[in-house]
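Visitor: Below is one structure. I have some questions about it.
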Amino acid sequence: LDAVRRQYRIGNWEINVTASVGIALADESSTSESLLRDADDATRLAKSLGRDRAKLFDEALRAKAEQRMATTSALRVALDRNELSVSYQPVIDLATGAMVSAEALLRWNHPDRGPISPAVFIPIAEETGLILPIGGWALKQACEQLSQWQRVDPLMSVAVNLSVRQVMDPDILDQIRRVLKSTGIRPESLCLELTESVFMEDIDQCAEMLAGLKNLGVQLSLDDFGTGYSSLSYLSRFPFDIVKIDQSFIRGLGTNPSETALVAAILSMAKALELSVTAEGIEDQTQLIALEEMGCQLGQGFYLDRPMPALEMTHTLTLPSHTQPHPAPPAPGRGRAGRWPKAADPKGGEGNLRGRRRAQGDQDPAAGRRHGRPGPGRPAHGRARHRRHGEGEGQAHHQGRPLCHPCS
Ligand code: C2E
Ligand code: MG
Ligand code: MG
């Protein structure tokens with residue numbers, strides 16, 4: 001490692017090189033394949049610990065590798081055994097409190113191990129190629145679900161995550177065309193979320209694939225923005241509609257000045273590029289208020305709503321009472337339905353979004369929800385879907401594009 005770790009001069013460039021080493025020791029049961037696989041696991045650990053180091057394949061790594069192998073074989077049959085499902089997390093227009101979209105998130109409920117996190121199984125699915133059938137299934141589920149929601153609410157939209165492998169799959173365009181056709185949803189009501197890892201691929205091929213997706217009329221969103229390797233110029237070079245600021249930047253909002261400054265910079269850059277911005281992972285009121293004050297348009301996070309099964313989402317959508325298939329209102333005390341009234345404070349409601357709206361003069365709870373008439377502080381695209389059952393009767397109206405409008 002010391003020998004490798006020195007500076008090389010190549011032409012005018014100074015190059016720093018480090019190595020990561022994985023060591024596996026042979027015993028009588030070892031084969032060349034098992035040794036290489038173990039050494040590979042140890043190398044991966046060395047890299048994940050920051051590179052420039054050597055790691056020995058040991059019992060802990062063996063247990064992890066075995067667990068991973070068990071997870072991989074269980075994942076191969078999970079789809080056929082109906083163990084996978086899709087949950088939905090609302091995306092909220094922060095200016096109006098209206099839900100404008102929902103992100104589809106895969107869930108795996110293993111019969112013995114219980115729920116297994118996407119953070120565990122998505123990387124395995126990507127590595128093994130299982131992401132193609134699984135991701136394709138999730139896309140179809142989300143679009144079919146959306147077509148049902150759109151029967152009641154034509155302006156509902158969903159966002160679906162696509163792995164790099166799916167984006168680079170030659171069949172992806174046809175697959176999306178087919179699902180748009182079979183479900184009849186409008187292309188612009190489907191948003192595809194890609195991460196910056198897509199830029200690690202051949203950049204020309206990536207540009208071609210993204211242009212192909214965009215030509216289908218769907219929206220493209222850059223997920224986990226700020227955590228990857230993207231050059232800022234990619235934001236203007238590729239046809240994204242939305243940037244999702246990663247949760248790691250939201251955590252310190254309102255308390256950490258440098259993170260607050262970073263978010264403000266992303267917002268102003270997005271505005272200049274006419275991109276919408278969604279803040280991910282909003283976990284408390286301080287973050288929510290800071291985002292709202294900075295003019296961030298869209299937000300998503302446990303503080304607003306947790307991901308929920310499709311049926312619960314159907315209940316959460318505010319449906320006109322005569323078409324509401326399930327009369328049960330969303331349970332009070334969860335999500336926004338429970339949060340806003342709880343946060344009402346005696347000093348004129350400054351402590352919560354709805355209270356502050358009222359303090360600004362929005363006295364009429366139905367204002368902005370009436371047909372085609374934006375109320376004070378409520379743009380025409382806003383819609384108070386999230387109000388509790390029986391709370392106001394104004395029929396929602398929504399003129400704008402479902403998700404894509406520059407941050408204002
Ligand atoms: P993501 O696309 O960035 O999704 C957001 C993740 O943040 C979700 O985790 C969501 O549950 C979580 N989250 C939302 N609000 C909060 C919050 O306030 N605090 C915290 N701590 N977390 C919050 P989840 O469902 O575990 O998914 C993790 C990742 O797995 C997703 O990140 C996405 O990259 C991937 N994933 C999930 N479903 C799919 C899918 O259908 N296809 C593909 N390719 N990837 C998926
Ligand atoms: Mg996402
Ligand atoms: Mg994300």
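Note on naming: chains are A, B, ... as they come in the structure tokens, residues start from 1 per chain, ligands start from 1 in the order shown.
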With only C-alpha atoms and all ligand atoms counted, collect every polymer residue having an atom within 10 Å of ligand 3; state the result as a list in words.
Guide: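 With only C-alpha atoms and all ligand atoms and a cut-off of 10 Å, ligand 3 is contacted by Glu103, Asn161, Glu193, Leu194, Thr195, Ser221, Leu222, Asp223, Asp224, Phe225, Thr227, Val243, Lys244, Ile245, Asp246, Gln247, Ser248, Thr278, Ala279, Glu280, Gly281 and Gln300 of chain A.
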Visitor: As a VMD selection string, please: every protein or nucleic acid residue near ligand 1 (cut-off 8 Å, counting only C-alpha atoms and all ligand atoms).
Guide: chain A and resid 86 to 87 89 103 to 107 117 to 119 122 126 131 134 to 135 138 to 139 160 to 164 166 193 195 223 to 224 246 to 247 280 to 283 300 to 307
Visitor: How many Å lie between CA of Met200 (chain A) and CA of Ile242 (chain A), rounded to one decimal?
Guide: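 Between CA of Met200 (chain A) and CA of Ile242 (chain A) the gap works out to 19.7 Å.
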Visitor: Select from region 45-135 of chain A everything DSSP, run on the backbone, classes as alpha helix (DSSP H), then give the selection as a count of residues only.
Guide: 40
Visitor: Would you work out the distance separating CA of Asn109 (chain A) from CA of Leu84 (chain A), expressed in Å to one decimal?
Guide: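 Atom-to-atom, CA of Asn109 (chain A) to CA of Leu84 (chain A), that is 6.4 Å.
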Visitor: For Gly136 (chain A), find every residue with an atom within 12 Å (counting only C-alpha atoms), except residues of its own chain fewer than 3 positions away, and show them as a short mmCIF file (atom, residue, chain, number, x, y, z; two decimals) with N, CA and C atoms, in the first residue's frame.
Guide:
data_model
loop_
_atom_site.label_atom_id
_atom_site.label_comp_id
_atom_site.auth_asym_id
_atom_site.auth_seq_id
_atom_site.Cartn_x
_atom_site.Cartn_y
_atom_site.Cartn_z
N LEU A 79 -40.91 -12.02 -5.93
CA LEU A 79 -41.94 -11.46 -6.81
C LEU A 79 -43.03 -12.51 -7.08
N LEU A 106 -40.75 0.59 -3.19
CA LEU A 106 -40.89 -0.87 -3.07
C LEU A 106 -40.79 -1.32 -1.62
N GLY A 129 -29.18 -8.06 -11.35
CA GLY A 129 -30.02 -7.86 -12.53
C GLY A 129 -31.50 -8.08 -12.22
N LEU A 130 -31.79 -8.51 -10.97
CA LEU A 130 -33.20 -8.72 -10.61
C LEU A 130 -33.99 -7.42 -10.63
N ILE A 131 -33.26 -6.30 -10.64
CA ILE A 131 -33.95 -5.01 -10.65
C ILE A 131 -34.79 -4.84 -11.92
N LEU A 132 -34.40 -5.55 -12.99
CA LEU A 132 -35.18 -5.39 -14.23
C LEU A 132 -36.60 -5.93 -14.06
N PRO A 133 -36.78 -7.22 -13.67
CA PRO A 133 -38.17 -7.66 -13.45
C PRO A 133 -38.84 -6.96 -12.28
N LEU A 139 -43.01 -0.39 -11.53
CA LEU A 139 -43.48 0.65 -12.46
C LEU A 139 -44.92 0.38 -12.89
N LYS A 140 -45.19 -0.88 -13.21
CA LYS A 140 -46.53 -1.25 -13.69
C LYS A 140 -47.55 -1.07 -12.55
N GLN A 141 -47.17 -1.54 -11.36
CA GLN A 141 -48.06 -1.39 -10.20
C GLN A 141 -48.43 0.08 -9.99
N ALA A 142 -47.38 0.92 -9.99
CA ALA A 142 -47.60 2.35 -9.69
C ALA A 142 -48.49 2.98 -10.76
N CYS A 143 -48.28 2.62 -12.03
CA CYS A 143 -49.08 3.23 -13.09
C CYS A 143 -50.51 2.72 -13.03
N VAL A 160 -41.75 7.29 -9.85
CA VAL A 160 -41.24 5.92 -9.72
C VAL A 160 -39.72 5.98 -9.84
N ASN A 161 -39.03 5.28 -8.94
CA ASN A 161 -37.56 5.25 -8.98
C ASN A 161 -37.09 4.29 -10.08
N LEU A 162 -36.11 4.71 -10.84
CA LEU A 162 -35.51 3.81 -11.84
C LEU A 162 -34.03 3.67 -11.54
N SER A 163 -33.55 2.43 -11.47
CA SER A 163 -32.12 2.20 -11.30
C SER A 163 -31.41 2.41 -12.63
N ARG A 165 -29.51 0.51 -14.17
CA ARG A 165 -29.64 -0.66 -15.04
C ARG A 165 -30.93 -0.62 -15.83
N GLN A 166 -31.99 -0.11 -15.21
CA GLN A 166 -33.27 0.01 -15.94
C GLN A 166 -33.17 1.09 -17.01
N VAL A 167 -32.53 2.22 -16.62
CA VAL A 167 -32.43 3.33 -17.58
C VAL A 167 -31.66 2.88 -18.81
N ASP A 169 -31.42 -0.15 -19.94
CA ASP A 169 -32.00 -1.34 -20.56
C ASP A 169 -32.61 -0.95 -21.92
N ASP A 171 -34.85 -2.09 -23.53
CA ASP A 171 -36.31 -2.25 -23.60
C ASP A 171 -37.08 -1.16 -22.83
N ILE A 172 -36.34 -0.27 -22.13
CA ILE A 172 -37.04 0.62 -21.18
C ILE A 172 -38.08 1.53 -21.87
N LEU A 173 -37.72 2.05 -23.04
CA LEU A 173 -38.65 2.98 -23.70
C LEU A 173 -39.94 2.26 -24.08
N ASP A 174 -39.79 1.05 -24.65
CA ASP A 174 -40.98 0.28 -25.02
C ASP A 174 -41.79 -0.09 -23.79
N GLN A 175 -41.07 -0.43 -22.73
CA GLN A 175 -41.75 -0.81 -21.49
C GLN A 175 -42.62 0.34 -20.97
N ILE A 176 -42.07 1.54 -21.01
CA ILE A 176 -42.84 2.69 -20.52
C ILE A 176 -43.98 3.02 -21.49
N ARG A 178 -45.56 0.91 -23.30
CA ARG A 178 -46.61 -0.11 -23.08
C ARG A 178 -47.44 0.21 -21.85
N VAL A 179 -46.76 0.59 -20.76
CA VAL A 179 -47.50 0.81 -19.51
C VAL A 179 -48.36 2.08 -19.61
#
